[in-house]
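Chemist: Structure file work00.pdb (PDB, C-alpha atoms) is given on the next line.
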```pdb
ATOM      1  CA  MET A 893       6.822   0.894  28.112
ATOM      2  CA  SER A 894       6.531  -2.623  26.829
ATOM      3  CA  MET A 895       3.563  -3.154  24.549
ATOM      4  CA  ARG A 896       1.784  -6.148  23.079
ATOM      5  CA  ILE A 897       2.032  -5.627  19.326
ATOM      6  CA  GLY A 898      -0.028  -7.592  16.822
ATOM      7  CA  VAL A 899       1.828  -8.648  13.663
ATOM      8  CA  VAL A 900      -0.485  -9.465  10.751
ATOM      9  CA  ARG A 901       0.386 -12.386   8.463
ATOM     10  CA  PHE A 902      -1.247 -12.873   5.074
ATOM     11  CA  LEU A 903      -0.420 -15.591   2.573
ATOM     12  CA  GLY A 904       2.587 -14.067   0.828
ATOM     13  CA  THR A 905       3.720 -11.781   3.652
ATOM     14  CA  ASN A 906       7.488 -12.233   3.854
ATOM     15  CA  CYS A 907       8.738  -9.647   6.362
ATOM     16  CA  ASP A 908       6.665 -11.080   9.214
ATOM     17  CA  ARG A 909       9.528 -12.754  11.073
ATOM     18  CA  ASP A 910      11.735  -9.654  10.685
ATOM     19  CA  ILE A 911       8.974  -7.567  12.237
ATOM     20  CA  TYR A 912       8.468 -10.128  15.013
ATOM     21  CA  LYS A 913      12.196  -9.852  15.864
ATOM     22  CA  ALA A 914      12.196  -6.060  15.531
ATOM     23  CA  VAL A 915       9.303  -5.837  17.979
ATOM     24  CA  GLU A 916      11.168  -8.107  20.426
ATOM     25  CA  TRP A 917      14.410  -6.132  20.030
ATOM     26  CA  ALA A 918      12.504  -2.939  20.774
ATOM     27  CA  GLY A 919      11.384  -4.508  24.061
ATOM     28  CA  HIS A 920       7.792  -5.335  23.153
ATOM     29  CA  LYS A 921       5.812  -8.540  22.990
ATOM     30  CA  PRO A 922       4.826  -9.606  19.462
ATOM     31  CA  HIS A 923       1.580 -11.449  18.859
ATOM     32  CA  TRP A 924       0.698 -13.087  15.522
ATOM     33  CA  LEU A 925      -2.574 -12.080  13.849
ATOM     34  CA  TRP A 926      -3.637 -14.514  11.089
ATOM     35  CA  TYR A 927      -5.306 -12.941   8.044
ATOM     36  CA  ALA A 928      -8.250 -15.352   8.028
ATOM     37  CA  ASP A 929      -9.081 -14.855  11.707
ATOM     38  CA  HIS A 930     -10.775 -12.083  13.605
ATOM     39  CA  PHE A 931      -9.124 -10.514  16.643
ATOM     40  CA  ASP A 932     -10.106  -8.460  19.652
ATOM     41  CA  SER A 933      -8.454  -5.058  19.518
ATOM     42  CA  ASN A 934      -8.413  -4.991  23.338
ATOM     43  CA  ASP A 935      -5.822  -7.800  23.196
ATOM     44  CA  VAL A 936      -3.183  -5.598  21.560
ATOM     45  CA  ASP A 937      -1.698  -2.148  22.168
ATOM     46  CA  ALA A 938      -0.736  -1.657  18.530
ATOM     47  CA  VAL A 939      -0.650  -3.557  15.214
ATOM     48  CA  ILE A 940       1.963  -3.768  12.459
ATOM     49  CA  VAL A 941       1.133  -4.840   8.894
ATOM     50  CA  PRO A 942       4.468  -6.081   7.476
ATOM     51  CA  GLY A 943       5.811  -6.108   3.940
ATOM     52  CA  GLY A 944       5.766  -8.859   1.362
ATOM     53  CA  PHE A 945       3.524  -9.914  -1.492
ATOM     54  CA  SER A 946       0.149 -10.686   0.050
ATOM     55  CA  TYR A 947      -2.024 -12.642  -2.398
ATOM     56  CA  GLY A 948       0.899 -12.521  -4.833
ATOM     57  CA  ASP A 949       0.063  -8.860  -5.568
ATOM     58  CA  TYR A 950      -2.842 -10.170  -7.703
ATOM     59  CA  LEU A 951      -5.300  -7.589  -9.034
ATOM     60  CA  ARG A 952      -3.471  -4.670  -7.319
ATOM     61  CA  SER A 953      -0.892  -4.731  -4.520
ATOM     62  CA  GLY A 954      -2.767  -4.972  -1.239
ATOM     63  CA  ALA A 955      -6.252  -5.028  -2.808
ATOM     64  CA  LEU A 956      -7.256  -8.572  -1.881
ATOM     65  CA  ALA A 957      -5.531  -8.479   1.523
ATOM     66  CA  ALA A 958      -7.545  -5.357   2.352
ATOM     67  CA  LYS A 959     -10.707  -7.496   2.191
ATOM     68  CA  ALA A 960      -9.438 -10.264   4.517
ATOM     69  CA  PRO A 961     -11.275 -10.942   7.828
ATOM     70  CA  VAL A 962      -8.411  -9.580   9.953
ATOM     71  CA  MET A 963      -8.727  -6.249   8.154
ATOM     72  CA  SER A 964     -12.381  -5.738   9.034
ATOM     73  CA  ASP A 965     -11.327  -5.742  12.704
ATOM     74  CA  LEU A 966      -8.296  -3.592  11.978
ATOM     75  CA  VAL A 967     -10.480  -0.955  10.289
ATOM     76  CA  LYS A 968     -12.744  -0.840  13.374
ATOM     77  CA  ALA A 969      -9.702  -0.701  15.686
ATOM     78  CA  ALA A 970      -8.223   2.172  13.664
ATOM     79  CA  ASP A 971     -11.429   4.076  14.136
ATOM     80  CA  LYS A 972     -11.108   3.611  17.899
ATOM     81  CA  GLY A 973      -7.576   5.038  17.752
ATOM     82  CA  LEU A 974      -5.410   1.886  17.894
ATOM     83  CA  PRO A 975      -1.863   2.673  16.681
ATOM     84  CA  ILE A 976      -1.238   0.876  13.371
ATOM     85  CA  LEU A 977       1.966   0.784  11.344
ATOM     86  CA  GLY A 978       2.216  -0.431   7.743
ATOM     87  CA  ILE A 979       5.485  -1.172   6.008
ATOM     88  CA  CYS A 980       5.853  -1.614   2.230
ATOM     89  CA  ASN A 981       3.065  -4.076   1.283
ATOM     90  CA  GLY A 982       1.522  -3.113   4.630
ATOM     91  CA  PHE A 983       1.371   0.489   3.342
ATOM     92  CA  GLN A 984      -0.351  -0.705   0.142
ATOM     93  CA  ILE A 985      -2.852  -2.751   2.164
ATOM     94  CA  LEU A 986      -3.716   0.154   4.503
ATOM     95  CA  CYS A 987      -4.314   2.436   1.488
ATOM     96  CA  GLU A 988      -6.507  -0.180  -0.206
ATOM     97  CA  ALA A 989      -8.446  -0.610   3.053
ATOM     98  CA  GLY A 990      -9.158   3.126   3.031
ATOM     99  CA  LEU A 991      -7.237   3.721   6.273
ATOM    100  CA  LEU A 992      -4.694   5.957   4.550
ATOM    101  CA  PRO A 993      -5.028   8.514   1.751
ATOM    102  CA  GLY A 994      -3.747   7.847  -1.771
ATOM    103  CA  ALA A 995      -2.640   4.692  -3.522
ATOM    104  CA  LEU A 996       0.612   2.970  -4.507
ATOM    105  CA  VAL A 997       1.262   2.057  -8.121
ATOM    106  CA  LYS A 998       4.085   0.630 -10.222
ATOM    107  CA  ASN A 999       7.411   2.461  -9.900
ATOM    108  CA  GLU A1000       7.865   5.151 -12.518
ATOM    109  CA  GLY A1001      10.968   3.450 -13.927
ATOM    110  CA  LEU A1002       9.190   0.033 -13.840
ATOM    111  CA  LYS A1003      12.210  -1.508 -12.095
ATOM    112  CA  PHE A1004      12.084  -3.110  -8.668
ATOM    113  CA  VAL A1005      14.259  -0.873  -6.476
ATOM    114  CA  ASP A1006      16.362  -2.411  -3.726
ATOM    115  CA  ARG A1007      18.805  -0.045  -2.035
ATOM    116  CA  TRP A1008      19.512   2.138   1.002
ATOM    117  CA  GLN A1009      17.438   5.287   0.743
ATOM    118  CA  ALA A1010      17.945   8.657   2.441
ATOM    119  CA  LEU A1011      14.801   9.897   4.201
ATOM    120  CA  LYS A1012      13.598  12.998   5.992
ATOM    121  CA  LEU A1013      11.029  13.031   8.774
ATOM    122  CA  GLU A1014       8.456  15.648   7.719
ATOM    123  CA  ASN A1015       5.958  15.333  10.576
ATOM    124  CA  SER A1016       6.250  13.252  13.707
ATOM    125  CA  CYS A1017       4.004  10.362  14.628
ATOM    126  CA  GLU A1018       3.662   9.978  18.375
ATOM    127  CA  HIS A1019       2.997   6.242  18.157
ATOM    128  CA  TRP A1020       6.084   5.227  16.212
ATOM    129  CA  GLY A1021       8.975   6.986  17.840
ATOM    130  CA  ALA A1022      11.048   8.139  14.952
ATOM    131  CA  ASP A1023      11.132  11.714  16.234
ATOM    132  CA  LYS A1024      14.782  11.419  17.169
ATOM    133  CA  LEU A1025      15.580  10.708  13.536
ATOM    134  CA  GLN A1026      15.159  13.872  11.509
ATOM    135  CA  GLN A1027      17.234  12.371   8.710
ATOM    136  CA  THR A1028      18.022   8.708   8.280
ATOM    137  CA  GLN A1029      18.513   5.911   5.783
ATOM    138  CA  PHE A1030      16.470   2.734   5.559
ATOM    139  CA  PRO A1031      16.474   0.051   2.873
ATOM    140  CA  VAL A1032      13.743   0.208   0.221
ATOM    141  CA  ALA A1033      12.701  -2.908  -1.722
ATOM    142  CA  HIS A1034       9.599  -2.530  -3.861
ATOM    143  CA  GLY A1035       8.160  -2.605  -7.366
ATOM    144  CA  ASP A1036       4.884  -0.812  -6.621
ATOM    145  CA  GLY A1037       5.988   2.072  -4.419
ATOM    146  CA  ARG A1038       4.971   5.182  -6.327
ATOM    147  CA  PHE A1039       2.604   7.067  -4.046
ATOM    148  CA  VAL A1040      -0.139   8.847  -5.996
ATOM    149  CA  ILE A1041      -2.874  11.187  -4.825
ATOM    150  CA  ASP A1042      -4.805  13.916  -6.634
ATOM    151  CA  ASP A1043      -3.802  17.581  -6.235
ATOM    152  CA  GLU A1044      -6.578  18.334  -3.774
ATOM    153  CA  GLY A1045      -5.700  15.292  -1.640
ATOM    154  CA  LEU A1046      -2.029  16.215  -1.713
ATOM    155  CA  LYS A1047      -2.728  19.735  -0.516
ATOM    156  CA  GLN A1048      -4.934  18.381   2.228
ATOM    157  CA  ILE A1049      -2.372  15.898   3.595
ATOM    158  CA  GLN A1050       0.344  18.541   3.389
ATOM    159  CA  ASP A1051      -1.820  21.126   5.194
ATOM    160  CA  ASP A1052      -2.835  18.603   7.852
ATOM    161  CA  GLY A1053       0.732  17.434   8.492
ATOM    162  CA  GLN A1054      -0.001  13.902   7.321
ATOM    163  CA  VAL A1055       3.205  13.493   5.315
ATOM    164  CA  TRP A1056       5.380  11.334   7.571
ATOM    165  CA  TRP A1057       8.596  10.742   5.554
ATOM    166  CA  THR A1058       9.944  12.012   2.249
ATOM    167  CA  TYR A1059      12.693  10.578   0.035
ATOM    168  CA  GLN A1060      15.904  12.583  -0.072
ATOM    169  CA  GLU A1061      18.833  12.491  -2.503
ATOM    170  CA  GLY A1062      16.724  10.993  -5.282
ATOM    171  CA  ASN A1063      13.200   9.684  -5.553
ATOM    172  CA  PRO A1064      13.373   5.886  -6.109
ATOM    173  CA  ASN A1065       9.901   5.387  -7.600
ATOM    174  CA  GLY A1066       8.407   8.671  -8.823
ATOM    175  CA  SER A1067       6.183   9.234  -5.764
ATOM    176  CA  VAL A1068       4.308  12.536  -5.822
ATOM    177  CA  ALA A1069       6.098  15.196  -3.715
ATOM    178  CA  ASP A1070       8.789  12.574  -2.881
ATOM    179  CA  ILE A1071       6.426  11.030  -0.343
ATOM    180  CA  ALA A1072       7.767   7.889   1.350
ATOM    181  CA  GLY A1073       5.293   7.628   4.226
ATOM    182  CA  VAL A1074       1.951   9.086   5.293
ATOM    183  CA  MET A1075      -0.420   9.127   8.262
ATOM    184  CA  ASN A1076      -4.180   9.312   8.543
ATOM    185  CA  LYS A1077      -5.798  12.493   9.810
ATOM    186  CA  LYS A1078      -5.881  11.290  13.446
ATOM    187  CA  LYS A1079      -2.258  10.142  13.041
ATOM    188  CA  ASN A1080      -2.841   6.771  14.695
ATOM    189  CA  VAL A1081      -2.383   4.986  11.360
ATOM    190  CA  ALA A1082       1.018   5.491   9.745
ATOM    191  CA  ALA A1083       2.880   3.723   6.963
ATOM    192  CA  LEU A1084       6.041   3.934   4.909
ATOM    193  CA  MET A1085       7.550   2.119   1.927
ATOM    194  CA  PRO A1086      11.103   1.776   3.376
ATOM    195  CA  HIS A1087      11.930  -1.043   5.799
ATOM    196  CA  PRO A1088      13.053   0.141   9.262
ATOM    197  CA  GLU A1089      13.086  -3.520  10.377
ATOM    198  CA  ARG A1090      16.049  -4.042   8.058
ATOM    199  CA  ALA A1091      18.061  -1.403   9.947
ATOM    200  CA  MET A1092      18.016  -2.821  13.466
ATOM    201  CA  ALA A1093      21.723  -3.348  14.244
ATOM    202  CA  ALA A1094      25.096  -1.970  13.187
ATOM    203  CA  TRP A1095      25.881  -5.212  11.316
ATOM    204  CA  MET A1096      22.820  -4.640   9.133
ATOM    205  CA  GLY A1097      24.245  -1.266   8.112
ATOM    206  CA  SER A1098      22.333   0.860  10.631
ATOM    207  CA  ASP A1099      20.481   0.455  13.907
ATOM    208  CA  GLU A1100      18.287   3.539  13.476
ATOM    209  CA  GLY A1101      15.241   1.508  12.515
ATOM    210  CA  LEU A1102      15.035   0.381  16.143
ATOM    211  CA  GLN A1103      13.774   3.826  17.055
ATOM    212  CA  VAL A1104      10.691   3.463  14.855
ATOM    213  CA  PHE A1105       9.590   0.527  16.998
ATOM    214  CA  ASN A1106      10.304   2.389  20.236
ATOM    215  CA  PRO A1107       7.358   4.721  20.746
ATOM    216  CA  GLN A1108       7.994   7.801  22.859
TER
ATOM    217  CA  MET Z1182     -29.639 -17.323 -16.751
ATOM    218  CA  GLU Z1183     -25.926 -17.008 -16.581
ATOM    219  CA  TYR Z1184     -24.292 -13.986 -18.157
ATOM    220  CA  VAL Z1185     -20.627 -13.313 -18.752
ATOM    221  CA  VAL Z1186     -19.766  -9.709 -18.014
ATOM    222  CA  GLY Z1187     -16.406  -8.283 -19.067
ATOM    223  CA  VAL Z1188     -14.890  -5.539 -16.958
ATOM    224  CA  LYS Z1189     -12.210  -3.362 -18.566
ATOM    225  CA  ILE Z1190      -9.977  -1.591 -16.052
ATOM    226  CA  LEU Z1191      -7.575   1.112 -17.212
ATOM    227  CA  PRO Z1192      -5.314   3.546 -15.351
ATOM    228  CA  ARG Z1193      -6.949   6.965 -15.114
ATOM    229  CA  THR Z1194      -5.623   9.369 -17.731
ATOM    230  CA  GLU Z1195      -4.232  11.741 -15.101
ATOM    231  CA  VAL Z1196      -2.179   8.938 -13.511
ATOM    232  CA  LEU Z1197       1.087   8.244 -15.310
ATOM    233  CA  ASP Z1198       0.813   4.740 -16.774
ATOM    234  CA  SER Z1199       4.410   3.570 -16.628
ATOM    235  CA  GLN Z1200       3.626   0.188 -18.232
ATOM    236  CA  GLY Z1201       1.774   1.806 -21.123
ATOM    237  CA  ARG Z1202       4.638   4.227 -21.614
ATOM    238  CA  ALA Z1203       7.200   1.397 -21.716
ATOM    239  CA  VAL Z1204       5.152  -0.571 -24.260
ATOM    240  CA  GLU Z1205       4.664   2.554 -26.370
ATOM    241  CA  LYS Z1206       8.414   3.290 -26.318
ATOM    242  CA  THR Z1207       9.289  -0.238 -27.425
ATOM    243  CA  LEU Z1208       6.740  -0.109 -30.235
ATOM    244  CA  SER Z1209       7.968   3.252 -31.460
ATOM    245  CA  HIS Z1210      11.562   1.917 -31.473
ATOM    246  CA  HIS Z1211      10.291  -0.815 -33.798
ATOM    247  CA  GLY Z1212       8.918   1.610 -36.325
ATOM    248  CA  PHE Z1213       5.237   1.854 -35.411
ATOM    249  CA  GLU Z1214       5.260   5.531 -36.294
ATOM    250  CA  ASN Z1215       1.508   6.074 -36.273
ATOM    251  CA  LEU Z1216       1.224   5.055 -32.650
ATOM    252  CA  SER Z1217       0.545   8.056 -30.443
ATOM    253  CA  GLY Z1218      -0.428   6.423 -27.165
ATOM    254  CA  CYS Z1219      -0.690   3.171 -25.262
ATOM    255  CA  ARG Z1220      -2.254   2.319 -21.924
ATOM    256  CA  VAL Z1221      -2.081  -1.014 -20.159
ATOM    257  CA  GLY Z1222      -4.899  -2.253 -17.949
ATOM    258  CA  LYS Z1223      -6.757  -5.437 -17.072
ATOM    259  CA  TYR Z1224      -9.716  -7.349 -18.401
ATOM    260  CA  VAL Z1225     -11.771  -9.405 -15.958
ATOM    261  CA  THR Z1226     -14.677 -11.679 -16.869
ATOM    262  CA  LEU Z1227     -17.401 -12.453 -14.339
ATOM    263  CA  ASN Z1228     -19.949 -15.259 -14.677
ATOM    264  CA  ILE Z1229     -23.108 -13.946 -13.066
ATOM    265  CA  LYS Z1230     -26.494 -15.599 -12.536
ATOM    266  CA  ALA Z1231     -29.172 -12.992 -13.193
ATOM    267  CA  ASP Z1232     -32.667 -12.601 -14.649
ATOM    268  CA  ASN Z1233     -31.600 -10.143 -17.318
ATOM    269  CA  GLU Z1234     -28.631  -8.199 -18.685
ATOM    270  CA  ASP Z1235     -29.389  -5.153 -16.556
ATOM    271  CA  SER Z1236     -29.231  -7.045 -13.277
ATOM    272  CA  ALA Z1237     -26.067  -8.841 -14.423
ATOM    273  CA  LEU Z1238     -24.458  -5.475 -15.135
ATOM    274  CA  LYS Z1239     -25.641  -4.088 -11.789
ATOM    275  CA  GLU Z1240     -24.074  -7.031  -9.963
ATOM    276  CA  ALA Z1241     -20.833  -6.612 -11.963
ATOM    277  CA  GLU Z1242     -20.796  -2.923 -11.027
ATOM    278  CA  LYS Z1243     -21.071  -3.822  -7.333
ATOM    279  CA  VAL Z1244     -18.206  -6.316  -7.670
ATOM    280  CA  SER Z1245     -16.087  -3.767  -9.524
ATOM    281  CA  GLU Z1246     -16.656  -1.122  -6.890
ATOM    282  CA  PHE Z1247     -16.022  -3.605  -4.070
ATOM    283  CA  VAL Z1248     -12.548  -4.656  -5.184
ATOM    284  CA  LEU Z1249     -11.869  -4.849  -8.929
ATOM    285  CA  TYR Z1250     -10.872  -1.235  -9.410
ATOM    286  CA  ASN Z1251      -9.461   1.548  -7.263
ATOM    287  CA  PRO Z1252     -11.213   4.830  -8.171
ATOM    288  CA  LEU Z1253      -8.148   6.848  -7.130
ATOM    289  CA  ILE Z1254      -6.049   5.378  -9.923
ATOM    290  CA  GLU Z1255      -8.320   3.470 -12.296
ATOM    291  CA  SER Z1256     -11.545   3.680 -14.295
ATOM    292  CA  PHE Z1257     -13.685   0.784 -15.479
ATOM    293  CA  GLU Z1258     -16.184  -0.083 -18.183
ATOM    294  CA  MET Z1259     -18.443  -3.113 -18.448
ATOM    295  CA  GLU Z1260     -19.854  -5.079 -21.347
ATOM    296  CA  ILE Z1261     -22.009  -8.161 -21.756
ATOM    297  CA  VAL Z1262     -19.832 -10.803 -23.410
ATOM    298  CA  LYS Z1263     -22.355 -13.650 -23.442
TER
END
```
Kindly transcribe the structure held in the file into structure tokens.

Modeler:
Amino acid sequence: MSMRIGVVRFLGTNCDRDIYKAVEWAGHKPHWLWYADHFDSNDVDAVIVPGGFSYGDYLRSGALAAKAPVMSDLVKAADKGLPILGICNGFQILCEAGLLPGALVKNEGLKFVDRWQALKLENSCEHWGADKLQQTQFPVAHGDGRFVIDDEGLKQIQDDGQVWWTYQEGNPNGSVADIAGVMNKKKNVAALMPHPERAMAAWMGSDEGLQVFNPQ
Amino acid sequence: MEYVVGVKILPRTEVLDSQGRAVEKTLSHHGFENLSGCRVGKYVTLNIKADNEDSALKEAEKVSEFVLYNPLIESFEMEIVK
């Protein structure tokens, strides 16, 4: 089913055009959402918050973007059940906006990591159709990707099946419990640090990312 | 009156502070043997119009809770600078 998917652009977002293409390649219709504008959630079937360095990562990654006008509508839309996907900086923004549990901080080794990363699907997300991929590899490219959450929060997201992806064959950033992606309790908001939009065709190294953008 | 409020933001002790650890390691390699810890945070100053210090601090607290710090990973302290 072809969907109209909103793609949010902040100042400093740099994976926006990749996401736009990925959405088109998956057979959907992308629709830009500008950070400084409001939008009507009835105009879109889903929204993706792409990666990059919104607001230059000032203060904390995603912190200032989380307060932008577009986000106030996105928070309301999430509450109504709109499917939302965050990737990399998009993950940081969704955590800062309180739509996802935990927070993302500087990588344990302090280095920016940029490599292909093995991943395991821990729990499926009906909105982003990665179910066919139990194990895969997507590129990671981040400096602030270490997922942190307190022990109680960790137990809760594990018990509620909110862990979406975990890192395999080495943890690139020191994330607690090797977590690479999480969902909210209702599972309509999901996010991951790796970039499925950089694995859309064999010439990129893998075309398995396409499946993330192809909901069931 | 205008007050200047300083807001100190530090990583919470239970969150591994990778920057602090790196700085500490470098310092210990350079012979600062008495050093037993280092944490790296931020210092923000806010110019606030208020009737008195208390209201300036209250306003700074609101600002801090709105966006300056993330309670999951950081703690903050305030002080009147001027």

Chemist: Care to translate the PyMOL selection byres ((chain Z) within 9 of (chain A)) into actual residues of this file, as a count of residues only?

Modeler: 14

Chemist: For the structure provided, state which residues fall under the PyMOL selection byres ((chain Z and resi 1224) around 10), and present them as a PyMOL selection string.

Modeler: chain Z and resi 1187-1191+1222-1223+1225-1226+1257-1259

Chemist: Quick one: everything within 8 Å of A:Ala1082, counting only C-alpha atoms, minus sequence neighbours fewer than 3 positions away in the same chain. Send it as a PyMOL selection string.

Modeler: chain A and resi 976-978+992+1017+1056+1073-1076+1079

Chemist: Could you save the residues just selected, with C-alpha atoms, as a tab-separated table (two decimals), keeping the file's coordinate frame?

Modeler:
```tsv
chain	number	residue	atom	x	y	z
A	976	ILE	CA	-1.24	0.88	13.37
A	977	LEU	CA	1.97	0.78	11.34
A	978	GLY	CA	2.22	-0.43	7.74
A	992	LEU	CA	-4.69	5.96	4.55
A	1017	CYS	CA	4.00	10.36	14.63
A	1056	TRP	CA	5.38	11.33	7.57
A	1073	GLY	CA	5.29	7.63	4.23
A	1074	VAL	CA	1.95	9.09	5.29
A	1075	MET	CA	-0.42	9.13	8.26
A	1076	ASN	CA	-4.18	9.31	8.54
A	1079	LYS	CA	-2.26	10.14	13.04
```

Chemist: Please enumerate the residues selected by the PyMOL selection byres ((chain A and resi 1058) around 7) when evaluated against the supplied file, formatted as an MDAnalysis selection string.

Modeler: chainID A and resid 1011:1014 1057 1059:1060 1070:1073

Chemist: Export, as a PDB file, keeping the file's coordinate frame, the selected residues with C-alpha atoms.

Modeler:
```pdb
ATOM      1  CA  LEU A1011      14.801   9.897   4.201  1.00  0.00           C
ATOM      2  CA  LYS A1012      13.598  12.998   5.992  1.00  0.00           C
ATOM      3  CA  LEU A1013      11.029  13.031   8.774  1.00  0.00           C
ATOM      4  CA  GLU A1014       8.456  15.648   7.719  1.00  0.00           C
ATOM      5  CA  TRP A1057       8.596  10.742   5.554  1.00  0.00           C
ATOM      6  CA  TYR A1059      12.693  10.578   0.035  1.00  0.00           C
ATOM      7  CA  GLN A1060      15.904  12.583  -0.072  1.00  0.00           C
ATOM      8  CA  ASP A1070       8.789  12.574  -2.881  1.00  0.00           C
ATOM      9  CA  ILE A1071       6.426  11.030  -0.343  1.00  0.00           C
ATOM     10  CA  ALA A1072       7.767   7.889   1.350  1.00  0.00           C
ATOM     11  CA  GLY A1073       5.293   7.628   4.226  1.00  0.00           C
TER      12      GLY A1073
END
```

Chemist: Between Z:Val1221, Z:Val1204, Z:Val1186, Z:Val1262, which is the closest to Z:Val1244 once you count all atoms listed in the file?

Modeler: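 With all atoms listed in the file as the atom set, the closest residue is Z:Val1186.
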
Chemist: Can you tell me how far atom CA of A:Asp908 sits from atom CA of A:Gly1021, in Å to one decimal?

Modeler: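 Atom-to-atom, atom CA of A:Asp908 and atom CA of A:Gly1021 are spaced 20.2 Å apart.
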
Chemist: I'd like the interatomic distance between atom CA of A:Val962 and atom CA of A:Pro975, to a tenth of an Å.

Modeler: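 Computing it gives 15.4 Å between the two atoms.
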